$ cat upload38.tsv   # TSV, C-alpha atoms and all ligand atoms
chain	number	residue	atom	x	y	z
R	14	MET	CA	-207.94	-34.32	16.51
R	15	LYS	CA	-205.33	-32.08	14.88
R	16	ARG	CA	-206.24	-29.87	11.96
R	17	LEU	CA	-205.94	-31.74	8.72
R	18	HIS	CA	-204.34	-29.01	6.68
R	19	LYS	CA	-202.72	-25.62	6.98
R	20	SER	CA	-204.77	-22.48	6.46
R	21	SER	CA	-204.53	-21.04	3.02
R	22	SER	CA	-206.51	-18.54	1.04
R	23	GLN	CA	-205.72	-20.47	-2.16
R	24	PRO	CA	-207.86	-23.29	-3.54
R	25	TYR	CA	-205.76	-26.42	-2.99
R	26	ARG	CA	-206.09	-28.23	-6.22
R	27	ILE	CA	-202.87	-30.18	-5.73
R	28	LYS	CA	-204.28	-31.72	-2.58
R	29	VAL	CA	-207.32	-32.69	-4.60
R	30	MET	CA	-205.12	-34.89	-6.73
R	31	THR	CA	-203.10	-36.41	-3.91
R	32	VAL	CA	-205.66	-36.87	-1.21
R	33	SER	CA	-206.94	-40.22	-2.44
R	34	ALA	CA	-203.46	-41.72	-2.82
R	35	VAL	CA	-203.33	-42.88	0.80
R	36	ARG	CA	-206.19	-43.71	3.10
R	37	SER	CA	-207.14	-40.50	4.79
R	38	PRO	CA	-208.84	-40.24	8.19
R	39	VAL	CA	-211.56	-38.31	6.33
R	40	GLN	CA	-213.72	-40.37	3.99
R	41	ILE	CA	-217.09	-39.88	2.31
R	42	ARG	CA	-219.61	-42.57	1.46
R	43	PRO	CA	-223.13	-42.50	0.01
R	44	VAL	CA	-225.85	-42.14	2.62
R	45	ARG	CA	-227.71	-45.29	3.79
R	46	GLU	CA	-231.22	-45.66	5.20
R	47	SER	CA	-229.67	-46.74	8.50
R	48	ASP	CA	-228.13	-43.24	8.75
R	49	ALA	CA	-231.57	-41.68	9.30
R	50	PRO	CA	-231.23	-41.42	13.13
R	51	LEU	CA	-227.85	-39.72	12.71
R	52	PHE	CA	-229.37	-37.11	10.42
R	53	ARG	CA	-232.23	-36.48	12.81
R	54	ASN	CA	-229.78	-35.91	15.68
R	55	TRP	CA	-227.43	-33.75	13.64
R	56	ARG	CA	-230.29	-31.56	12.42
R	57	GLY	CA	-231.14	-30.84	16.06
R	58	GLU	CA	-227.68	-29.61	17.08
R	59	PRO	CA	-227.70	-25.86	17.88
R	60	SER	CA	-224.36	-25.23	16.15
R	61	ILE	CA	-225.70	-26.83	12.95
R	62	ARG	CA	-228.90	-24.76	13.14
R	63	ARG	CA	-227.10	-21.53	13.87
R	64	PHE	CA	-227.04	-20.35	10.27
R	65	GLN	CA	-229.51	-22.74	8.65
R	66	PRO	CA	-233.30	-22.91	8.95
R	67	LEU	CA	-233.47	-26.65	9.70
R	68	ARG	CA	-236.74	-28.11	10.97
R	69	ASP	CA	-237.24	-31.20	13.10
R	70	LEU	CA	-238.27	-33.99	10.75
R	71	PRO	CA	-239.79	-37.35	11.65
R	72	LEU	CA	-237.41	-40.25	11.30
R	73	SER	CA	-239.72	-41.84	8.73
R	74	GLN	CA	-239.48	-38.77	6.49
R	75	ILE	CA	-235.70	-38.70	6.68
R	76	ARG	CA	-235.57	-42.42	5.92
R	77	ASP	CA	-237.97	-42.04	2.97
R	78	ASP	CA	-235.89	-39.20	1.60
R	79	ILE	CA	-232.72	-41.29	1.80
R	80	ALA	CA	-234.48	-44.26	0.19
R	81	THR	CA	-235.13	-42.24	-2.98
R	82	GLN	CA	-231.43	-41.51	-3.43
R	83	SER	CA	-229.04	-43.51	-5.56
R	84	ILE	CA	-225.53	-42.26	-6.25
R	85	ASP	CA	-225.49	-44.31	-9.46
R	86	ASP	CA	-228.22	-42.00	-10.77
R	87	LEU	CA	-225.84	-39.08	-10.51
R	88	TYR	CA	-223.69	-40.60	-13.25
R	89	ARG	CA	-226.73	-41.44	-15.37
R	90	SER	CA	-228.02	-37.85	-15.24
R	91	ARG	CA	-231.08	-38.80	-13.20
R	92	GLY	CA	-232.42	-37.94	-9.77
R	93	ASP	CA	-232.44	-34.62	-7.99
R	94	ARG	CA	-230.95	-35.13	-4.54
R	95	PHE	CA	-227.86	-36.95	-3.33
R	96	GLN	CA	-226.15	-37.17	0.03
R	97	TRP	CA	-222.88	-38.44	1.41
R	98	VAL	CA	-221.90	-39.12	5.00
R	99	ILE	CA	-218.50	-37.81	6.07
R	100	GLU	CA	-216.52	-40.18	8.28
R	101	VAL	CA	-213.50	-39.28	10.39
R	102	ASP	CA	-211.52	-42.29	11.55
R	103	ASP	CA	-214.61	-44.36	10.66
R	104	ARG	CA	-216.91	-42.27	12.87
R	105	ALA	CA	-219.85	-40.53	11.18
R	106	ALA	CA	-219.14	-36.80	11.43
R	107	GLY	CA	-221.53	-34.98	9.12
R	108	TRP	CA	-222.92	-34.80	5.64
R	109	ILE	CA	-222.73	-33.24	2.19
R	110	THR	CA	-225.89	-32.75	0.13
R	111	LEU	CA	-226.12	-32.15	-3.59
R	112	VAL	CA	-229.36	-30.94	-5.14
R	113	VAL	CA	-229.57	-30.96	-8.93
R	114	GLY	CA	-231.52	-27.96	-10.16
R	115	ASN	CA	-231.24	-28.57	-13.87
R	116	TRP	CA	-229.70	-31.53	-15.67
R	117	GLU	CA	-229.76	-29.90	-19.10
R	118	HIS	CA	-227.63	-26.99	-18.00
R	119	GLY	CA	-225.56	-28.95	-15.47
R	120	LEU	CA	-226.62	-26.91	-12.46
R	121	CYS	CA	-226.53	-28.14	-8.88
R	122	GLU	CA	-226.19	-26.81	-5.36
R	123	THR	CA	-224.27	-28.21	-2.45
R	124	GLY	CA	-224.85	-27.92	1.29
R	125	PHE	CA	-222.89	-29.40	4.18
R	126	ALA	CA	-222.60	-29.66	7.94
R	127	LEU	CA	-220.51	-31.31	10.61
R	128	SER	CA	-221.60	-32.47	14.01
R	129	THR	CA	-220.33	-30.05	16.68
R	130	ALA	CA	-217.48	-32.25	17.91
R	131	PHE	CA	-215.96	-32.37	14.41
R	132	GLN	CA	-216.11	-28.66	13.58
R	133	GLY	CA	-213.06	-26.40	13.39
R	134	GLN	CA	-210.57	-29.18	12.54
R	135	GLY	CA	-210.37	-28.81	8.77
R	136	VAL	CA	-212.65	-31.76	8.10
R	137	MET	CA	-215.09	-30.14	5.69
R	138	PRO	CA	-212.56	-28.76	3.19
R	139	HIS	CA	-210.99	-32.19	3.13
R	140	ALA	CA	-214.34	-33.93	2.57
R	141	LEU	CA	-215.31	-31.56	-0.23
R	142	THR	CA	-212.05	-32.14	-2.04
R	143	LEU	CA	-212.90	-35.84	-2.07
R	144	LEU	CA	-216.21	-35.13	-3.79
R	145	LEU	CA	-215.98	-32.05	-6.00
R	146	PRO	CA	-213.31	-33.03	-8.54
R	147	GLU	CA	-214.99	-36.40	-8.99
R	148	LEU	CA	-218.34	-34.68	-9.40
R	149	CYS	CA	-217.10	-32.13	-11.90
R	150	LEU	CA	-214.96	-34.50	-13.94
R	151	ARG	CA	-217.06	-37.71	-13.94
R	152	SER	CA	-220.59	-36.35	-14.07
R	153	THR	CA	-222.13	-33.75	-16.32
R	154	ARG	CA	-222.21	-31.10	-13.59
R	155	GLU	CA	-221.02	-27.80	-15.04
R	156	ARG	CA	-221.72	-25.48	-12.16
R	157	VAL	CA	-221.91	-26.24	-8.45
R	158	GLU	CA	-223.45	-23.47	-6.39
R	159	ALA	CA	-223.40	-22.94	-2.64
R	160	ARG	CA	-225.12	-20.38	-0.48
R	161	CYS	CA	-224.18	-19.40	3.03
R	162	ALA	CA	-225.28	-16.77	5.52
R	163	VAL	CA	-222.98	-13.74	5.30
R	164	ARG	CA	-222.15	-14.17	9.01
R	165	ASN	CA	-221.18	-17.82	8.58
R	166	GLN	CA	-217.45	-17.18	8.41
R	167	ALA	CA	-216.45	-20.82	8.73
R	168	SER	CA	-218.62	-21.83	5.79
R	169	ARG	CA	-217.30	-18.98	3.67
R	170	ARG	CA	-213.72	-19.96	4.45
R	171	VAL	CA	-214.41	-23.57	3.53
R	172	LEU	CA	-215.94	-22.62	0.20
R	173	GLU	CA	-213.06	-20.31	-0.66
R	174	LYS	CA	-210.46	-22.88	0.37
R	175	VAL	CA	-211.87	-25.49	-2.01
R	176	GLY	CA	-212.08	-23.11	-4.94
R	177	PHE	CA	-215.58	-21.61	-4.93
R	178	ARG	CA	-215.81	-17.99	-6.02
R	179	LYS	CA	-218.12	-15.47	-4.45
R	180	GLU	CA	-220.56	-14.16	-7.03
R	181	GLY	CA	-222.82	-11.87	-5.06
R	182	VAL	CA	-225.18	-11.23	-2.20
R	183	LEU	CA	-228.67	-12.70	-2.01
R	184	ARG	CA	-230.50	-10.16	0.11
R	185	GLY	CA	-232.98	-11.44	2.67
R	186	TYR	CA	-232.57	-14.95	1.29
R	187	PHE	CA	-233.70	-17.15	4.22
R	188	LEU	CA	-235.89	-16.63	7.23
R	189	LEU	CA	-233.79	-17.53	10.27
R	190	ARG	CA	-235.42	-17.34	13.70
R	191	GLY	CA	-237.87	-14.73	12.46
R	192	LYS	CA	-235.34	-12.53	10.60
R	193	ARG	CA	-234.50	-12.41	6.93
R	194	VAL	CA	-230.80	-13.16	6.48
R	195	ASP	CA	-228.53	-12.10	3.62
R	196	HIS	CA	-226.55	-14.90	1.97
R	197	TYR	CA	-223.55	-15.06	-0.30
R	198	LEU	CA	-223.83	-16.97	-3.53
R	199	TYR	CA	-220.72	-18.97	-4.38
R	200	ALA	CA	-220.05	-21.15	-7.42
R	201	LEU	CA	-217.46	-23.58	-8.70
R	202	LEU	CA	-217.36	-24.34	-12.43
R	203	ARG	CA	-216.30	-27.58	-14.07
R	204	ASP	CA	-213.80	-25.50	-16.05
R	205	ASP	CA	-212.09	-24.63	-12.75
R	206	TYR	CA	-210.88	-28.25	-12.63
R	207	LEU	CA	-209.81	-28.57	-16.28
P	301	LIG	C1	-219.20	-24.52	8.44
P	301	LIG	C2	-218.51	-25.86	8.63
P	301	LIG	C3	-219.00	-26.82	7.57
P	301	LIG	C4	-217.00	-25.63	8.43
P	301	LIG	O1	-216.33	-26.88	8.39
P	301	LIG	P1	-215.03	-27.13	9.29
P	301	LIG	O2	-214.45	-28.41	8.90
P	301	LIG	O3	-215.44	-26.90	10.69
P	301	LIG	O4	-214.14	-25.91	8.77
P	301	LIG	P2	-212.61	-25.63	9.09
P	301	LIG	O5	-212.21	-26.32	10.35
P	301	LIG	O6	-211.83	-25.88	7.88
P	301	LIG	O7	-212.65	-24.08	9.40
P	301	LIG	C5	-212.84	-23.20	8.31
P	301	LIG	C6	-212.33	-21.84	8.68
P	301	LIG	O8	-213.32	-21.19	9.46
P	301	LIG	C7	-212.77	-20.81	10.69
P	301	LIG	N1	-213.80	-21.01	11.68
P	301	LIG	C8	-214.22	-22.18	12.17
P	301	LIG	N2	-215.23	-21.96	13.01
P	301	LIG	C9	-215.40	-20.62	13.05
P	301	LIG	C10	-216.30	-19.75	13.73
P	301	LIG	N3	-217.21	-20.23	14.56
P	301	LIG	N4	-216.19	-18.43	13.49
P	301	LIG	C11	-215.28	-17.95	12.64
P	301	LIG	N5	-214.42	-18.71	11.95
P	301	LIG	C12	-214.49	-20.02	12.16
P	301	LIG	C13	-211.58	-21.69	10.92
P	301	LIG	O9	-210.65	-21.06	11.75
P	301	LIG	C14	-211.07	-21.86	9.53
P	301	LIG	O10	-210.34	-20.74	9.15
P	301	LIG	P3	-208.87	-20.91	8.53
P	301	LIG	O11	-209.01	-21.81	7.35
P	301	LIG	O12	-208.49	-19.53	8.16
P	301	LIG	O13	-208.05	-21.53	9.60
P	301	LIG	C15	-218.74	-26.47	10.03
P	301	LIG	O14	-218.20	-25.62	10.99
P	301	LIG	C16	-220.20	-26.72	10.29
P	301	LIG	O15	-220.70	-27.77	9.98
P	301	LIG	N6	-220.91	-25.73	10.86
P	301	LIG	C17	-222.34	-25.89	11.19
P	301	LIG	C18	-223.23	-26.09	9.96
P	301	LIG	C19	-223.03	-25.04	8.89
P	301	LIG	O16	-222.92	-23.85	9.17
P	301	LIG	N7	-223.01	-25.51	7.63
P	301	LIG	C20	-222.82	-24.66	6.48
P	301	LIG	C21	-224.11	-24.08	6.05
P	301	LIG	S1	-223.86	-23.06	4.61
$ encode --input "upload38.tsv" --output "structure tokens"
Amino acid sequence: MKRLHKSSSQPYRIKVMTVSAVRSPVQIRPVRESDAPLFRNWRGEPSIRRFQPLRDLPLSQIRDDIATQSIDDLYRSRGDRFQWVIEVDDRAAGWITLVVGNWEHGLCETGFALSTAFQGQGVMPHALTLLLPELCLRSTRERVEARCAVRNQASRRVLEKVGFRKEGVLRGYFLLRGKRVDHYLYALLRDDYL
């Protein structure tokens, strides 16, 4: 698959507005219980685990986690965890997670990953631009945070391309294969879309 956009160090807000005008090969949809096997497989891929401390989880636990999620809750200021599956030409390619830390203050954190075959083709920036403006403008989210290992250059590039700003270093933030790993903290504010 060809890259879906040109490289740019600028957030591409114009694309945010135009991307839904025609059907794009990249789509996002709310996660379904039947996606549980996909998530289990994805979580096991070495490239997905490279910078993230993901554990093997039983299928039943993944399915139970998905069963508690309802995207409708997001717009009713309820619930604490939401996930979307990214599809490329109707094939499931990866996921985006949103964890709400505090409803009162509008704080949440996003995480994301693509299956190995879909990485490096511009899919994730595209998928995030389908979600973030909608999230910031339709829900009461004021601040979306994201953390990534300082060595995860692809993740950093994605965050910067969709408008996140780097706010600092979280020293020794996660334990990854026995070593504490520094992370960058990024954030995108609702005001960035207004
Ligand atoms: C990180 C990830 C989400 C990026 O999504 P993507 O759709 O592959 O990203 P892109 O194709 O837009 O690439 C982003 C940039 O990183 C660069 N890049 C991609 N892979 C890279 C790598 N292994 N090392 C360095 N740079 C890399 C690309 O060249 C691109 O740079 P450019 O915009 O200047 O051309 C995806 O690679 C992935 O799922 N990785 C495994 C899981 C993960 O690390 N998740 C994030 C946890 S915070």
$ residues_near_point --input "upload38.tsv" --point "(-222.7, -20.8, -2.2)" --cutoff "6 Å" --atoms "all atoms listed in the file" --output "ChimeraX atom specification"
/R:158-161,198-200
$ residues_around --input "upload38.tsv" --residues "region 107-119 of chain R" --least-positions-apart "6" --cutoff "6 Å" --atoms "only C-alpha atoms" --output "PyMOL selection string"
chain R and resi 93-99+125-128+153-155
$ atom_distance --input "upload38.tsv" --atom1 "CA of Arg178 (chain R)" --atom2 "CA of Gln132 (chain R)"
22.3 Å
$ closest_atom_pairs --input "upload38.tsv" --of "chain R" --to "ligand LIG 301 (chain P)" --cutoff "7 Å" --atoms "all atoms listed in the file" --output "tab-separated table"
residue	atom	partner	partner_atom	distance
R:Ser20	CA	P:LIG301	O11	4.4
R:Ser21	CA	P:LIG301	O11	6.3
R:Ser60	CA	P:LIG301	C17	5.4
R:Ile61	CA	P:LIG301	C17	3.9
R:Arg62	CA	P:LIG301	C18	6.6
R:Arg63	CA	P:LIG301	O16	6.7
R:Phe64	CA	P:LIG301	O16	5.5
R:Gln65	CA	P:LIG301	C21	6.1
R:Gly124	CA	P:LIG301	S1	6.0
R:Phe125	CA	P:LIG301	N7	5.2
R:Ala126	CA	P:LIG301	O15	3.4
R:Leu127	CA	P:LIG301	O15	3.6
R:Ser128	CA	P:LIG301	O15	6.3
R:Phe131	CA	P:LIG301	O3	6.6
R:Gln132	CA	P:LIG301	O3	3.4
R:Gly133	CA	P:LIG301	O5	3.2
R:Gln134	CA	P:LIG301	O5	4.0
R:Gly135	CA	P:LIG301	O6	3.4
R:Val136	CA	P:LIG301	O2	3.9
R:Met137	CA	P:LIG301	O2	3.7
R:Pro138	CA	P:LIG301	O6	5.6
R:Arg160	CA	P:LIG301	S1	5.9
R:Cys161	CA	P:LIG301	S1	4.0
R:Ala162	CA	P:LIG301	S1	6.5
R:Asn165	CA	P:LIG301	O16	6.3
R:Gln166	CA	P:LIG301	C11	4.8
R:Ala167	CA	P:LIG301	O8	3.2
R:Ser168	CA	P:LIG301	C1	3.8
R:Arg170	CA	P:LIG301	C6	4.8
R:Val171	CA	P:LIG301	C5	5.0
$ atom_distance --input "upload38.tsv" --atom1 "CA of Val175 (chain R)" --atom2 "CA of Thr129 (chain R)"
21.0 Å
$ atom_distance --input "upload38.tsv" --atom1 "CA of Glu180 (chain R)" --atom2 "CA of Leu141 (chain R)"
19.4 Å
$ closest_residue --input "upload38.tsv" --among "R:Leu120, R:Val163, R:Leu207, R:Leu188" --to "Glu147 (chain R)" --atoms "all atoms listed in the file"
R:Leu207
$ residues_around --input "upload38.tsv" --residues "Asp48 (chain R)" --least-positions-apart "2" --cutoff "10 Å" --atoms "all atoms listed in the file" --output "PyMOL selection string"
chain R and resi 44-46+50-53+75-76+79+98+105
$ closest_residue --input "upload38.tsv" --among "R:Pro43, R:Pro38, R:Pro146, R:Gly181" --to "Asp195 (chain R)" --atoms "only C-alpha atoms"
R:Gly181
$ closest_residue --input "upload38.tsv" --among "R:Ala130, R:Ser152, R:Leu143, R:Lys174" --to "Arg89 (chain R)" --atoms "all atoms listed in the file"
R:Ser152
$ closest_residue --input "upload38.tsv" --among "R:Leu67, R:Cys121, R:Val39, R:Ala49" --to "Leu148 (chain R)" --atoms "all atoms listed in the file"
R:Cys121
$ axis_aligned_box --input "upload38.tsv" --around "region 183-191 of chain R" --padding-each-side "3 Å" --output "JSON"
{"center_x": -233.3, "center_y": -13.8, "center_z": 5.8, "size_x": 15.2, "size_y": 13.4, "size_z": 21.7}
$ decode --input "upload38.tsv" --residues "region 74-93 of chain R" --atoms "N, CA and C atoms" --output "compact mmCIF listing (two decimals), in the first residue's frame"
# COMPACT_ATOMS: atom_id res chain seq x y z
N GLN R 74 -10.57 -12.45 29.09
CA GLN R 74 -10.35 -11.15 29.73
C GLN R 74 -10.46 -10.01 28.71
N ILE R 75 -9.92 -10.26 27.53
CA ILE R 75 -10.01 -9.23 26.47
C ILE R 75 -11.48 -9.03 26.10
N ARG R 76 -12.20 -10.15 25.97
CA ARG R 76 -13.61 -10.05 25.59
C ARG R 76 -14.42 -9.33 26.67
N ASP R 77 -14.12 -9.64 27.94
CA ASP R 77 -14.84 -8.98 29.05
C ASP R 77 -14.55 -7.48 29.06
N ASP R 78 -13.32 -7.14 28.78
CA ASP R 78 -12.94 -5.73 28.76
C ASP R 78 -13.72 -5.00 27.66
N ILE R 79 -13.78 -5.63 26.48
CA ILE R 79 -14.50 -5.00 25.37
C ILE R 79 -16.00 -4.87 25.71
N ALA R 80 -16.53 -5.89 26.38
CA ALA R 80 -17.97 -5.90 26.69
C ALA R 80 -18.38 -4.74 27.60
N THR R 81 -17.45 -4.20 28.36
CA THR R 81 -17.80 -3.09 29.26
C THR R 81 -17.83 -1.75 28.51
N GLN R 82 -17.36 -1.75 27.26
CA GLN R 82 -17.20 -0.48 26.55
C GLN R 82 -18.43 -0.14 25.70
N SER R 83 -18.80 1.12 25.77
CA SER R 83 -19.87 1.61 24.89
C SER R 83 -19.50 3.02 24.43
N ILE R 84 -19.35 3.18 23.12
CA ILE R 84 -18.94 4.50 22.62
C ILE R 84 -19.99 5.56 22.96
N ASP R 85 -21.25 5.15 23.05
CA ASP R 85 -22.29 6.12 23.41
C ASP R 85 -21.98 6.78 24.75
N ASP R 86 -21.38 5.99 25.66
CA ASP R 86 -21.06 6.54 26.98
C ASP R 86 -20.11 7.74 26.89
N LEU R 87 -19.25 7.69 25.89
CA LEU R 87 -18.28 8.76 25.74
C LEU R 87 -18.98 10.12 25.61
N TYR R 88 -20.11 10.12 24.93
CA TYR R 88 -20.83 11.37 24.69
C TYR R 88 -21.85 11.66 25.79
N ARG R 89 -21.90 10.75 26.78
CA ARG R 89 -22.75 11.00 27.95
C ARG R 89 -21.88 11.20 29.19
N SER R 90 -20.59 11.40 28.97
CA SER R 90 -19.63 11.62 30.06
C SER R 90 -19.67 10.48 31.08
N ARG R 91 -19.65 9.26 30.57
CA ARG R 91 -19.61 8.08 31.44
C ARG R 91 -18.56 7.12 30.89
N GLY R 92 -18.18 6.16 31.74
CA GLY R 92 -17.25 5.13 31.29
C GLY R 92 -15.81 5.61 31.40
N ASP R 93 -14.88 4.67 31.34
CA ASP R 93 -13.49 5.09 31.51
C ASP R 93 -12.55 4.54 30.45
